[in-house]
Amino acid sequence: MKSLFKTTFIASLLVAASALAANAQDSRIQMGSLDHLAAKASQTVDVNIDERLMKLAVRLLSDKDEDEREVKKLVAGLKGIYVKSFEFEADGQYVVTDLEPIRAQLRGAGWTKMVNITSKKEGNVEVYLQFAGENVNGLAVLVTDDKELTVVNIVGPVDLDKLAQLEGQMGIPELGIEKTKKKNDEQ
Amino acid sequence: MNDNYLWDKTGEPDPEVQQLEEILGTLRYQPAPLEIPEDLQLPRRRNYFPRLAIAASVLLAILVGGLWLSMRSRREPTPNEAKLTTPAPVKEVTPSLPVTPERKTPELKPEPSEEVVAVHKHRPRSSAPLLSKSEREEALMAKEQVMLALRLTTEKLSLVHKKTQNPGNQIKNQHRVG
């Protein structure tokens with residue numbers, strides 16, 4: 001009888017732990033379905049930063065350097081950054097079904113498609129956000145072009161304002177948002 | 001009366017002594033084999049070996065842990081040191097001979113022991129002093145990957161921004177649904 005209670009207690013603990021882990025990884029998108037494209041791609045970017053590596057990286061970001069301080073603020077609360085980007089020499093190296101497992105995850109609960117741009121010349125861009133109440137808990141960007149396929153997944157509370165503030169710093173391209181605002185203010 | 005009886009039992013014994021001898025003689029040592037009663041149960045000897053082994057293992061683990069911690073703390077960089085030795089009062093040396101300003105005699109130089117010695121060991125300041133070498137390498141790689149990922153993300157978001165500014169593009173959905 002005693003052993004039965006013990007087993008039940010351990011089992012319930014395991015279930016609770018796995019439920020917590022699943023909750024924490026909610027905004028993580030599995031991108032394994034794209035791995036086979038690396039062989040066809042002329043250039044591949046594969047970034048896999050989990051929570052542990054993120055914490056290590058944060059420790060090396062300086063508080064004294066202004067640029068690094070901003071990056072540190074942005075990534076401090078994140079639980080992971082995952083990127084897969086493929087550039088191809090020729091068209092048609094990937095098919096729509098390659099992206100289906102990712103799209104299926106993004107159709108799941110919590111994700112909201114914020115932007116969907118379709119352009120015959122420049123390809124398609126989709127931006128998804130996952131909300132936890134009023135806060136953003138995850139970001140996914142899907143860029144599909146004839147010769148390019150990029151999936152970005154940021155897990156954790158993403159501060160889009162801070163992300164915008166990073167533009168122009170440390171080689172990060174400018175979005176032009178702030179400059180446009182400033183110009184309008186000056187006028 | 002011969003007192004030698006009390007000494008070596010020679011001579012005439014004293015009747016009182018003889019009486020005492022008779023009374024106490026019953027208590028004299030009687031050599032007899034040891035008899036152990038059959039119903040006597042000897043207490044079972046306890047085996048302390050497992051407990052001792054556990055205690056020794058725990059002690060050894062604590063010792064090893066302590067040694068490891070002390071070695072680890074020794075490896076950590078020490079903070080910058082600035083050592084300033086207070087100089088001894090410089091003796092005024094009056095040259096015995098008149099000396100021209102250009103001419104410098106060795107007698108005028110102060111003794112090495114009387115020099116002010118300032119030692120400032122400059123070591124590069126580390127933002128993460130507790131990281132080991134392998135952890136630091138891993139952290140550097142992670143930092144580079146984070147920067148690369150952020151660069152790529154902002155690049156793609158920049159693309160979104162450009163395309164949303166261009167009315168020629170077809171924007172299907174730009175607001176939260178559900």
# chains A, B, ... in the order shown; residues from 1 in each chain; ligands from 1
$ interface_residues --of "chain A" --to "chain B" --cutoff "7 Å" --atoms "only C-alpha atoms" --output "PyMOL selection string"
chain A and resi 47+49+53-54+56-57+59-60+62+83+112-119+125+152+171-173+175
$ write_last_selection --atoms "N, CA and C atoms" --output "PDB file, in the first residue's frame"
ATOM      1  N   VAL A  47      20.789  28.370 -36.459  1.00  0.00           N
ATOM      2  CA  VAL A  47      21.052  28.878 -35.105  1.00  0.00           C
ATOM      3  C   VAL A  47      20.135  28.144 -34.127  1.00  0.00           C
ATOM      4  N   ILE A  49      19.833  28.288 -30.168  1.00  0.00           N
ATOM      5  CA  ILE A  49      20.234  28.777 -28.838  1.00  0.00           C
ATOM      6  C   ILE A  49      19.108  28.456 -27.872  1.00  0.00           C
ATOM      7  N   LEU A  53      22.201  28.191 -23.226  1.00  0.00           N
ATOM      8  CA  LEU A  53      23.158  28.949 -24.040  1.00  0.00           C
ATOM      9  C   LEU A  53      22.835  30.441 -24.020  1.00  0.00           C
ATOM     10  N   MET A  54      21.540  30.725 -23.966  1.00  0.00           N
ATOM     11  CA  MET A  54      21.103  32.122 -23.925  1.00  0.00           C
ATOM     12  C   MET A  54      21.649  32.794 -22.661  1.00  0.00           C
ATOM     13  N   LEU A  56      24.251  31.874 -20.962  1.00  0.00           N
ATOM     14  CA  LEU A  56      25.706  31.998 -21.098  1.00  0.00           C
ATOM     15  C   LEU A  56      26.063  33.215 -21.952  1.00  0.00           C
ATOM     16  N   ALA A  57      25.333  33.362 -23.059  1.00  0.00           N
ATOM     17  CA  ALA A  57      25.604  34.486 -23.968  1.00  0.00           C
ATOM     18  C   ALA A  57      25.343  35.817 -23.272  1.00  0.00           C
ATOM     19  N   ARG A  59      25.719  36.509 -20.234  1.00  0.00           N
ATOM     20  CA  ARG A  59      26.804  36.821 -19.290  1.00  0.00           C
ATOM     21  C   ARG A  59      27.985  37.497 -19.977  1.00  0.00           C
ATOM     22  N   LEU A  60      28.123  37.272 -21.273  1.00  0.00           N
ATOM     23  CA  LEU A  60      29.239  37.895 -21.998  1.00  0.00           C
ATOM     24  C   LEU A  60      28.868  39.249 -22.602  1.00  0.00           C
ATOM     25  N   SER A  62      28.224  42.966 -22.443  1.00  0.00           N
ATOM     26  CA  SER A  62      28.696  43.979 -21.498  1.00  0.00           C
ATOM     27  C   SER A  62      27.599  44.988 -21.148  1.00  0.00           C
ATOM     28  N   VAL A  83      16.904  29.611 -35.676  1.00  0.00           N
ATOM     29  CA  VAL A  83      16.827  30.140 -37.042  1.00  0.00           C
ATOM     30  C   VAL A  83      17.276  29.053 -38.012  1.00  0.00           C
ATOM     31  N   THR A 112      -0.788  33.833 -33.639  1.00  0.00           N
ATOM     32  CA  THR A 112      -1.612  34.745 -34.434  1.00  0.00           C
ATOM     33  C   THR A 112      -0.784  35.260 -35.595  1.00  0.00           C
ATOM     34  N   LYS A 113      -1.342  35.141 -36.789  1.00  0.00           N
ATOM     35  CA  LYS A 113      -0.621  35.669 -37.950  1.00  0.00           C
ATOM     36  C   LYS A 113      -0.832  37.176 -37.980  1.00  0.00           C
ATOM     37  N   MET A 114       0.248  37.917 -37.767  1.00  0.00           N
ATOM     38  CA  MET A 114       0.138  39.372 -37.703  1.00  0.00           C
ATOM     39  C   MET A 114       0.290  40.009 -39.081  1.00  0.00           C
ATOM     40  N   VAL A 115       1.215  39.484 -39.866  1.00  0.00           N
ATOM     41  CA  VAL A 115       1.477  40.069 -41.192  1.00  0.00           C
ATOM     42  C   VAL A 115       1.622  38.943 -42.192  1.00  0.00           C
ATOM     43  N   ASN A 116       1.046  39.149 -43.357  1.00  0.00           N
ATOM     44  CA  ASN A 116       1.227  38.184 -44.444  1.00  0.00           C
ATOM     45  C   ASN A 116       1.401  38.974 -45.732  1.00  0.00           C
ATOM     46  N   ILE A 117       2.590  39.042 -46.205  1.00  0.00           N
ATOM     47  CA  ILE A 117       2.858  39.809 -47.428  1.00  0.00           C
ATOM     48  C   ILE A 117       3.175  38.836 -48.546  1.00  0.00           C
ATOM     49  N   THR A 118       2.485  38.995 -49.637  1.00  0.00           N
ATOM     50  CA  THR A 118       2.783  38.148 -50.801  1.00  0.00           C
ATOM     51  C   THR A 118       3.249  39.034 -51.940  1.00  0.00           C
ATOM     52  N   SER A 119       4.371  38.664 -52.502  1.00  0.00           N
ATOM     53  CA  SER A 119       4.930  39.443 -53.603  1.00  0.00           C
ATOM     54  C   SER A 119       5.521  38.467 -54.605  1.00  0.00           C
ATOM     55  N   VAL A 125       6.339  36.972 -46.986  1.00  0.00           N
ATOM     56  CA  VAL A 125       6.787  37.104 -45.599  1.00  0.00           C
ATOM     57  C   VAL A 125       5.570  36.958 -44.686  1.00  0.00           C
ATOM     58  N   VAL A 152      12.446  32.006 -38.620  1.00  0.00           N
ATOM     59  CA  VAL A 152      13.006  32.535 -37.375  1.00  0.00           C
ATOM     60  C   VAL A 152      11.994  32.269 -36.265  1.00  0.00           C
ATOM     61  N   GLY A 171      25.614  46.122 -36.651  1.00  0.00           N
ATOM     62  CA  GLY A 171      25.373  45.499 -37.952  1.00  0.00           C
ATOM     63  C   GLY A 171      23.925  45.121 -38.193  1.00  0.00           C
ATOM     64  N   ILE A 172      23.060  45.472 -37.238  1.00  0.00           N
ATOM     65  CA  ILE A 172      21.644  45.159 -37.414  1.00  0.00           C
ATOM     66  C   ILE A 172      21.018  46.255 -38.288  1.00  0.00           C
ATOM     67  N   PRO A 173      20.377  45.871 -39.376  1.00  0.00           N
ATOM     68  CA  PRO A 173      19.897  46.889 -40.321  1.00  0.00           C
ATOM     69  C   PRO A 173      18.828  47.792 -39.723  1.00  0.00           C
ATOM     70  N   LEU A 175      15.398  49.819 -39.579  1.00  0.00           N
ATOM     71  CA  LEU A 175      14.043  49.663 -40.103  1.00  0.00           C
ATOM     72  C   LEU A 175      13.492  51.002 -40.586  1.00  0.00           C
TER      73      LEU A 175
END
$ select_by_dssp --residues "region 55-108 of chain A" --states "helix (DSSP H, G or I)" --output "ChimeraX atom specification"
/A:55-60,66-75,96-106
$ residues_around --residues "Leu163 (chain A)" --least-positions-apart "4" --cutoff "8 Å" --atoms "only C-alpha atoms" --output "number ranges by chain"
A: 74, 158-159, 167; B: 154
$ atom_distance --atom1 "CA of Leu34 (chain A)" --atom2 "CA of Pro157 (chain A)"
25.4 Å
